[in-house]
>>> print(open('final_22.pdb').read())   # PDB, C-alpha atoms
ATOM      1  CA  MET A 278      78.651  95.757  83.462  1.00  0.00           C
ATOM      2  CA  ARG A 279      79.303  99.259  82.123  1.00  0.00           C
ATOM      3  CA  GLY A 280      76.894 100.671  84.681  1.00  0.00           C
ATOM      4  CA  LEU A 281      78.706  98.904  87.516  1.00  0.00           C
ATOM      5  CA  LEU A 282      82.019 100.326  86.340  1.00  0.00           C
ATOM      6  CA  ARG A 283      80.537 103.813  86.301  1.00  0.00           C
ATOM      7  CA  LYS A 284      79.229 103.287  89.837  1.00  0.00           C
ATOM      8  CA  ASP A 285      82.640 102.240  91.167  1.00  0.00           C
ATOM      9  CA  LEU A 286      84.401 105.092  89.352  1.00  0.00           C
ATOM     10  CA  GLU A 287      81.916 107.511  90.871  1.00  0.00           C
ATOM     11  CA  LEU A 288      82.649 106.056  94.315  1.00  0.00           C
ATOM     12  CA  ALA A 289      86.353 106.606  93.691  1.00  0.00           C
ATOM     13  CA  ARG A 290      85.613 110.219  92.704  1.00  0.00           C
ATOM     14  CA  LEU A 291      83.574 110.801  95.855  1.00  0.00           C
ATOM     15  CA  ASN A 292      86.486 109.526  97.940  1.00  0.00           C
ATOM     16  CA  ILE A 293      88.956 111.831  96.180  1.00  0.00           C
ATOM     17  CA  LYS A 294      89.898 113.519  99.476  1.00  0.00           C
ATOM     18  CA  ILE A 295      90.972 110.197 100.963  1.00  0.00           C
ATOM     19  CA  TRP A 296      92.930 109.357  97.820  1.00  0.00           C
ATOM     20  CA  GLY A 297      94.572 112.768  97.901  1.00  0.00           C
ATOM     21  CA  ALA A 298      95.617 112.463 101.546  1.00  0.00           C
ATOM     22  CA  LEU A 299      97.127 109.020 101.029  1.00  0.00           C
ATOM     23  CA  PHE A 300      98.874 110.185  97.850  1.00  0.00           C
ATOM     24  CA  PHE A 301     100.361 113.160  99.721  1.00  0.00           C
ATOM     25  CA  ILE A 302     101.793 110.823 102.384  1.00  0.00           C
ATOM     26  CA  GLY A 303     103.465 108.728  99.696  1.00  0.00           C
ATOM     27  CA  VAL A 304     104.867 111.796  97.925  1.00  0.00           C
ATOM     28  CA  ILE A 305     106.452 112.999 101.170  1.00  0.00           C
ATOM     29  CA  TYR A 306     108.381 109.754 101.464  1.00  0.00           C
ATOM     30  CA  LEU A 307     109.262 109.845  97.756  1.00  0.00           C
ATOM     31  CA  PHE A 308     110.907 113.270  97.962  1.00  0.00           C
ATOM     32  CA  SER A 309     112.555 112.561 101.313  1.00  0.00           C
ATOM     33  CA  GLY A 310     114.330 109.470  99.941  1.00  0.00           C
ATOM     34  CA  LYS A 311     117.847 109.775  98.581  1.00  0.00           C
ATOM     35  CA  SER A 312     117.864 106.606  96.487  1.00  0.00           C
ATOM     36  CA  MET A 313     115.623 104.461  94.300  1.00  0.00           C
ATOM     37  CA  ASP A 314     114.277 102.841  97.463  1.00  0.00           C
ATOM     38  CA  GLY A 315     112.004 105.861  97.818  1.00  0.00           C
ATOM     39  CA  GLY A 316     110.607 105.301  94.336  1.00  0.00           C
ATOM     40  CA  SER A 317     110.107 101.591  94.959  1.00  0.00           C
ATOM     41  CA  PHE A 318     108.302 102.283  98.221  1.00  0.00           C
ATOM     42  CA  PHE A 319     106.107 104.950  96.627  1.00  0.00           C
ATOM     43  CA  THR A 320     105.054 102.605  93.819  1.00  0.00           C
ATOM     44  CA  ALA A 321     104.335  99.738  96.225  1.00  0.00           C
ATOM     45  CA  TYR A 322     102.513 102.085  98.600  1.00  0.00           C
ATOM     46  CA  MET A 323     100.175 103.443  95.913  1.00  0.00           C
ATOM     47  CA  VAL A 324      99.508  99.971  94.515  1.00  0.00           C
ATOM     48  CA  PHE A 325      98.417  98.525  97.839  1.00  0.00           C
ATOM     49  CA  VAL A 326      96.458 101.656  98.747  1.00  0.00           C
ATOM     50  CA  SER A 327      94.507 101.239  95.507  1.00  0.00           C
ATOM     51  CA  ILE A 328      93.881  97.581  96.366  1.00  0.00           C
ATOM     52  CA  GLY A 329      92.413  98.437  99.743  1.00  0.00           C
ATOM     53  CA  LEU A 330      90.194 101.253  98.497  1.00  0.00           C
ATOM     54  CA  SER A 331      88.999  99.492  95.343  1.00  0.00           C
ATOM     55  CA  ALA A 332      88.181  96.227  97.144  1.00  0.00           C
ATOM     56  CA  GLY A 333      86.422  98.287  99.793  1.00  0.00           C
ATOM     57  CA  THR A 334      83.678  99.086  97.295  1.00  0.00           C
ATOM     58  CA  ILE A 335      82.280  95.626  98.065  1.00  0.00           C
ATOM     59  CA  SER A 336      81.422  96.835 101.572  1.00  0.00           C
ATOM     60  CA  TYR A 337      79.557  99.772 100.060  1.00  0.00           C
ATOM     61  CA  ASP A 338      77.632  97.459  97.725  1.00  0.00           C
ATOM     62  CA  THR A 339      76.516  95.142 100.535  1.00  0.00           C
ATOM     63  CA  SER A 340      75.649  97.843 103.100  1.00  0.00           C
ATOM     64  CA  ASP A 341      71.973  98.670 103.693  1.00  0.00           C
ATOM     65  CA  HIS A 342      70.895  95.811 101.401  1.00  0.00           C
ATOM     66  CA  GLY A 343      72.509  97.548  98.448  1.00  0.00           C
ATOM     67  CA  MET A 344      73.296  94.265  96.729  1.00  0.00           C
ATOM     68  CA  GLN A 345      69.619  93.417  96.522  1.00  0.00           C
ATOM     69  CA  PHE A 346      69.057  96.642  94.584  1.00  0.00           C
ATOM     70  CA  LEU A 347      72.030  96.063  92.287  1.00  0.00           C
ATOM     71  CA  LEU A 348      70.754  92.623  91.345  1.00  0.00           C
ATOM     72  CA  THR A 349      67.403  94.074  90.281  1.00  0.00           C
ATOM     73  CA  LEU A 350      69.315  95.789  87.485  1.00  0.00           C
ATOM     74  CA  PRO A 351      70.014  93.958  84.213  1.00  0.00           C
ATOM     75  CA  VAL A 352      73.202  92.417  85.593  1.00  0.00           C
ATOM     76  CA  THR A 353      73.922  88.865  86.717  1.00  0.00           C
ATOM     77  CA  ARG A 354      75.923  87.796  89.730  1.00  0.00           C
ATOM     78  CA  ARG A 355      78.727  86.557  87.526  1.00  0.00           C
ATOM     79  CA  GLU A 356      78.856  89.891  85.724  1.00  0.00           C
ATOM     80  CA  TYR A 357      79.111  91.624  89.082  1.00  0.00           C
ATOM     81  CA  VAL A 358      82.099  89.446  90.012  1.00  0.00           C
ATOM     82  CA  LYS A 359      83.851  90.032  86.691  1.00  0.00           C
ATOM     83  CA  GLU A 360      83.275  93.787  86.936  1.00  0.00           C
ATOM     84  CA  LYS A 361      84.733  93.886  90.422  1.00  0.00           C
ATOM     85  CA  TYR A 362      87.903  92.101  89.296  1.00  0.00           C
ATOM     86  CA  LEU A 363      88.162  94.346  86.238  1.00  0.00           C
ATOM     87  CA  PHE A 364      87.737  97.495  88.318  1.00  0.00           C
ATOM     88  CA  CYS A 365      90.182  96.486  91.063  1.00  0.00           C
ATOM     89  CA  ILE A 366      92.899  95.231  88.707  1.00  0.00           C
ATOM     90  CA  GLY A 367      92.441  98.128  86.288  1.00  0.00           C
ATOM     91  CA  LEU A 368      92.590 100.796  88.991  1.00  0.00           C
ATOM     92  CA  THR A 369      95.602  99.132  90.601  1.00  0.00           C
ATOM     93  CA  ALA A 370      97.425  98.948  87.264  1.00  0.00           C
ATOM     94  CA  VAL A 371      96.677 102.570  86.360  1.00  0.00           C
ATOM     95  CA  LEU A 372      97.815 103.959  89.714  1.00  0.00           C
ATOM     96  CA  GLY A 373     100.827 101.662  89.685  1.00  0.00           C
ATOM     97  CA  VAL A 374     101.959 102.963  86.274  1.00  0.00           C
ATOM     98  CA  ILE A 375     101.323 106.578  87.282  1.00  0.00           C
ATOM     99  CA  SER A 376     103.310 106.215  90.522  1.00  0.00           C
ATOM    100  CA  LEU A 377     106.139 104.499  88.621  1.00  0.00           C
ATOM    101  CA  LEU A 378     106.279 107.335  86.075  1.00  0.00           C
ATOM    102  CA  ILE A 379     106.294 109.901  88.880  1.00  0.00           C
ATOM    103  CA  SER A 380     109.199 108.070  90.531  1.00  0.00           C
ATOM    104  CA  MET A 381     111.145 108.104  87.265  1.00  0.00           C
ATOM    105  CA  LEU A 382     110.505 111.816  86.811  1.00  0.00           C
ATOM    106  CA  VAL A 383     111.653 112.574  90.349  1.00  0.00           C
ATOM    107  CA  TYR A 384     114.906 110.620  89.936  1.00  0.00           C
ATOM    108  CA  ARG A 385     115.233 111.662  86.260  1.00  0.00           C
ATOM    109  CA  LYS A 386     116.331 108.265  85.025  1.00  0.00           C
ATOM    110  CA  VAL A 387     115.032 104.820  84.135  1.00  0.00           C
ATOM    111  CA  ASN A 388     116.517 102.337  86.575  1.00  0.00           C
ATOM    112  CA  MET A 389     116.202  98.585  85.944  1.00  0.00           C
ATOM    113  CA  GLU A 390     116.055  97.920  89.671  1.00  0.00           C
ATOM    114  CA  LEU A 391     113.028 100.190  89.951  1.00  0.00           C
ATOM    115  CA  LEU A 392     111.314  98.463  87.023  1.00  0.00           C
ATOM    116  CA  VAL A 393     111.972  94.982  88.438  1.00  0.00           C
ATOM    117  CA  SER A 394     110.724  96.126  91.833  1.00  0.00           C
ATOM    118  CA  ALA A 395     107.548  97.552  90.295  1.00  0.00           C
ATOM    119  CA  GLY A 396     106.943  94.303  88.421  1.00  0.00           C
ATOM    120  CA  ALA A 397     107.339  92.273  91.611  1.00  0.00           C
ATOM    121  CA  VAL A 398     104.979  94.621  93.462  1.00  0.00           C
ATOM    122  CA  PHE A 399     102.288  94.330  90.793  1.00  0.00           C
ATOM    123  CA  TYR A 400     102.708  90.543  90.818  1.00  0.00           C
ATOM    124  CA  CYS A 401     102.138  90.504  94.586  1.00  0.00           C
ATOM    125  CA  ALA A 402      99.193  92.867  94.140  1.00  0.00           C
ATOM    126  CA  ILE A 403      97.484  90.468  91.736  1.00  0.00           C
ATOM    127  CA  LEU A 404      97.964  87.593  94.176  1.00  0.00           C
ATOM    128  CA  CYS A 405      96.653  89.799  96.965  1.00  0.00           C
ATOM    129  CA  LEU A 406      93.511  90.639  94.994  1.00  0.00           C
ATOM    130  CA  ALA A 407      93.035  86.991  94.068  1.00  0.00           C
ATOM    131  CA  LEU A 408      92.921  86.161  97.776  1.00  0.00           C
ATOM    132  CA  MET A 409      91.140  89.278  99.014  1.00  0.00           C
ATOM    133  CA  LEU A 410      88.101  89.487  96.749  1.00  0.00           C
ATOM    134  CA  PRO A 411      86.661  86.032  97.534  1.00  0.00           C
ATOM    135  CA  LEU A 412      87.207  86.713 101.252  1.00  0.00           C
ATOM    136  CA  ARG A 413      85.395  90.042 101.074  1.00  0.00           C
ATOM    137  CA  LEU A 414      82.499  88.496  99.158  1.00  0.00           C
ATOM    138  CA  LYS A 415      82.284  85.578 101.573  1.00  0.00           C
ATOM    139  CA  TYR A 416      82.768  87.310 104.917  1.00  0.00           C
ATOM    140  CA  GLY A 417      82.144  90.987 104.193  1.00  0.00           C
ATOM    141  CA  ASP A 418      83.793  93.330 106.678  1.00  0.00           C
ATOM    142  CA  ARG A 419      84.732  90.331 108.808  1.00  0.00           C
ATOM    143  CA  GLY A 420      87.181  89.434 106.069  1.00  0.00           C
ATOM    144  CA  ARG A 421      89.379  92.262 107.308  1.00  0.00           C
ATOM    145  CA  ILE A 422      90.355  90.072 110.241  1.00  0.00           C
ATOM    146  CA  LEU A 423      91.938  87.679 107.785  1.00  0.00           C
ATOM    147  CA  MET A 424      93.924  90.451 106.162  1.00  0.00           C
ATOM    148  CA  GLY A 425      96.656  90.140 108.784  1.00  0.00           C
ATOM    149  CA  GLY A 426      97.453  86.662 107.546  1.00  0.00           C
ATOM    150  CA  LEU A 427      97.193  87.864 103.976  1.00  0.00           C
ATOM    151  CA  ALA A 428      99.727  90.621 104.667  1.00  0.00           C
ATOM    152  CA  VAL A 429     102.149  88.020 106.039  1.00  0.00           C
ATOM    153  CA  ALA A 430     101.653  85.964 102.882  1.00  0.00           C
ATOM    154  CA  VAL A 431     102.360  88.984 100.691  1.00  0.00           C
ATOM    155  CA  PHE A 432     105.594  89.750 102.513  1.00  0.00           C
ATOM    156  CA  ALA A 433     106.579  86.098 102.179  1.00  0.00           C
ATOM    157  CA  VAL A 434     106.041  86.274  98.419  1.00  0.00           C
ATOM    158  CA  ILE A 435     108.111  89.460  98.227  1.00  0.00           C
ATOM    159  CA  ALA A 436     110.915  87.776 100.146  1.00  0.00           C
ATOM    160  CA  LEU A 437     110.703  84.773  97.816  1.00  0.00           C
ATOM    161  CA  CYS A 438     110.925  87.016  94.759  1.00  0.00           C
ATOM    162  CA  ASN A 439     113.979  88.685  96.245  1.00  0.00           C
ATOM    163  CA  GLU A 440     115.630  85.306  96.789  1.00  0.00           C
ATOM    164  CA  ILE A 441     114.873  84.309  93.189  1.00  0.00           C
ATOM    165  CA  LEU A 442     116.400  87.520  91.865  1.00  0.00           C
ATOM    166  CA  GLN A 443     119.563  86.937  93.891  1.00  0.00           C
ATOM    167  CA  LYS A 444     119.767  83.277  92.863  1.00  0.00           C
ATOM    168  CA  PHE A 445     119.666  84.110  89.182  1.00  0.00           C
ATOM    169  CA  HIS A 446     122.122  86.974  89.699  1.00  0.00           C
ATOM    170  CA  ILE A 447     119.885  89.612  88.192  1.00  0.00           C
ATOM    171  CA  ASN A 448     122.115  92.636  88.605  1.00  0.00           C
ATOM    172  CA  GLY A 449     120.146  95.202  86.593  1.00  0.00           C
ATOM    173  CA  ASN A 450     122.369  95.178  83.497  1.00  0.00           C
ATOM    174  CA  VAL A 451     119.827  95.060  80.682  1.00  0.00           C
ATOM    175  CA  GLU A 452     122.553  94.313  78.128  1.00  0.00           C
ATOM    176  CA  ASP A 453     123.653  91.205  79.964  1.00  0.00           C
ATOM    177  CA  PHE A 454     122.423  88.040  78.226  1.00  0.00           C
ATOM    178  CA  SER A 455     121.887  86.116  81.464  1.00  0.00           C
ATOM    179  CA  PHE A 456     119.741  88.988  82.779  1.00  0.00           C
ATOM    180  CA  ALA A 457     117.534  88.930  79.691  1.00  0.00           C
ATOM    181  CA  ARG A 458     117.260  85.145  79.645  1.00  0.00           C
ATOM    182  CA  ASN A 459     116.510  84.732  83.354  1.00  0.00           C
ATOM    183  CA  GLY A 460     114.221  87.754  83.337  1.00  0.00           C
ATOM    184  CA  VAL A 461     112.105  86.295  80.556  1.00  0.00           C
ATOM    185  CA  VAL A 462     111.852  82.927  82.308  1.00  0.00           C
ATOM    186  CA  ILE A 463     110.819  84.534  85.574  1.00  0.00           C
ATOM    187  CA  ALA A 464     108.355  86.886  83.871  1.00  0.00           C
ATOM    188  CA  VAL A 465     106.677  84.035  81.987  1.00  0.00           C
ATOM    189  CA  GLY A 466     106.442  81.994  85.179  1.00  0.00           C
ATOM    190  CA  MET A 467     104.925  84.929  87.060  1.00  0.00           C
ATOM    191  CA  VAL A 468     102.335  85.507  84.326  1.00  0.00           C
ATOM    192  CA  ILE A 469     101.330  81.834  84.360  1.00  0.00           C
ATOM    193  CA  VAL A 470     100.961  81.842  88.147  1.00  0.00           C
ATOM    194  CA  CYS A 471      98.951  85.096  88.058  1.00  0.00           C
ATOM    195  CA  VAL A 472      96.583  83.834  85.380  1.00  0.00           C
ATOM    196  CA  GLY A 473      96.093  80.552  87.227  1.00  0.00           C
ATOM    197  CA  CYS A 474      95.445  82.254  90.577  1.00  0.00           C
ATOM    198  CA  LEU A 475      93.058  84.763  89.026  1.00  0.00           C
ATOM    199  CA  GLY A 476      91.171  82.014  87.236  1.00  0.00           C
ATOM    200  CA  ILE A 477      90.709  80.066  90.472  1.00  0.00           C
ATOM    201  CA  SER A 478      89.804  83.251  92.335  1.00  0.00           C
ATOM    202  CA  VAL A 479      87.165  84.341  89.812  1.00  0.00           C
ATOM    203  CA  LYS A 480      85.541  80.900  89.822  1.00  0.00           C
ATOM    204  CA  SER A 481      85.555  80.865  93.625  1.00  0.00           C
ATOM    205  CA  SER A 482      83.972  84.323  93.764  1.00  0.00           C
ATOM    206  CA  GLU A 483      81.317  83.339  91.243  1.00  0.00           C
ATOM    207  CA  HIS A 484      80.519  80.244  93.305  1.00  0.00           C
ATOM    208  CA  ILE A 485      80.251  82.363  96.453  1.00  0.00           C
ATOM    209  CA  MET A 486      77.894  84.818  94.755  1.00  0.00           C
ATOM    210  CA  GLU A 487      75.716  82.049  93.310  1.00  0.00           C
ATOM    211  CA  LYS A 488      75.333  80.425  96.727  1.00  0.00           C
ATOM    212  CA  MET A 489      74.686  83.701  98.526  1.00  0.00           C
ATOM    213  CA  GLU A 490      70.990  84.102  99.263  1.00  0.00           C
ATOM    214  CA  GLU A 491      70.874  87.123 101.580  1.00  0.00           C
ATOM    215  CA  PHE A 492      72.922  90.277 101.732  1.00  0.00           C
TER
END
>>> encode(input="final_22.pdb", output="structure tokens")
Amino acid sequence: MRGLLRKDLELARLNIKIWGALFFIGVIYLFSGKSMDGGSFFTAYMVFVSIGLSAGTISYDTSDHGMQFLLTLPVTRREYVKEKYLFCIGLTAVLGVISLLISMLVYRKVNMELLVSAGAVFYCAILCLALMLPLRLKYGDRGRILMGGLAVAVFAVIALCNEILQKFHINGNVEDFSFARNGVVIAVGMVIVCVGCLGISVKSSEHIMEKMEEF
């Protein structure tokens, strides 16, 4: 699995120009914004950019019968699946934290609204990966056609999270007891849902890889 991680990290390094261009676009919006909305957008933008580019490594693996070569190495199909989830989630988390820190440095303060927004974005990102990776393994590049529906689902989840925040009157006051209590309940619920969705997704991806005979 360590070798697969090195391969994907090397792919990310080779695509550094693409990463740099996309990062520059996000930074432009970050500095042009006059409120925390710019920081929230920048964090969400970098998170979903990392999702697209990291999950895209599957297309590289399957092109020109590359998967057949990978499976001649001392790695099983299940290890390949686990490595892909680890790489995608890890890269998304790292870039998400970096973009969040950059947003805080630009606005020179820690804002609870920005933190809650970043948490909701990462939650949606995990759900997005849980849906995307099995689709990419199953359908390859054709899975991109299904991404339109996935994008709609992501926006629906974001809207639902916003409704939940308003329902529980989370106003950003960290010293407020109701904020802390409701925030903990929501956070625990989100973690449970994420773990459950990831568990189902990993098992589905492993099943897809086990049944796949040709690449």
>>> resolve_selection(input="final_22.pdb", expression="the PyMOL selection byres ((chain A and resi 364) around 12)", output="PyMOL selection string")
chain A and resi 278-289+327-328+330-335+356-363+365-371+406+410
>>> residues_around(input="final_22.pdb", residues="Phe318 in chain A", least_positions_apart="4", cutoff="12 Å", atoms="only C-alpha atoms", output="ChimeraX atom specification")
/A:302-310,312-314,322-326,373,376-377,380,391,394-395,398
>>> resolve_selection(input="final_22.pdb", expression="the PyMOL selection byres ((chain A and resi 480) around 12)", output="list in words")
Arg354, Arg355, Glu356, Val358, Lys359, Tyr362, Ala407, Leu410, Pro411, Gly473, Cys474, Leu475, Gly476, Ile477, Ser478, Val479, Ser481, Ser482, Glu483, His484, Ile485, Met486 and Glu487 of chain A
>>> atom_distance(input="final_22.pdb", atom1="CA of Ser340 in chain A", atom2="CA of Leu414 in chain A")
12.2 Å
>>> atom_distance(input="final_22.pdb", atom1="CA of Val393 in chain A", atom2="CA of Gly316 in chain A")
12.0 Å
>>> atom_distance(input="final_22.pdb", atom1="CA of Cys401 in chain A", atom2="CA of Cys471 in chain A")
9.1 Å
>>> residues_around(input="final_22.pdb", residues="range 465-468 of chain A", least_positions_apart="4", cutoff="9 Å", atoms="all atoms listed in the file", output="mmCIF file with C-alpha atoms, in the coordinates of the input")
data_model
loop_
_atom_site.group_PDB
_atom_site.id
_atom_site.type_symbol
_atom_site.label_atom_id
_atom_site.label_comp_id
_atom_site.auth_asym_id
_atom_site.auth_seq_id
_atom_site.Cartn_x
_atom_site.Cartn_y
_atom_site.Cartn_z
ATOM 1 C CA ALA A 397 107.339 92.273 91.611
ATOM 2 C CA TYR A 400 102.708 90.543 90.818
ATOM 3 C CA GLY A 460 114.221 87.754 83.337
ATOM 4 C CA VAL A 461 112.105 86.295 80.556
ATOM 5 C CA VAL A 472 96.583 83.834 85.380
ATOM 6 C CA GLY A 473 96.093 80.552 87.227
#
>>> axis_aligned_box(input="final_22.pdb", around="range 482-487 of chain A", padding_each_side="8 Å", output="lines of an AutoDock Vina configuration file")
center_x = 79.8
center_y = 82.5
center_z = 93.8
size_x = 24.3
size_y = 20.6
size_z = 21.2
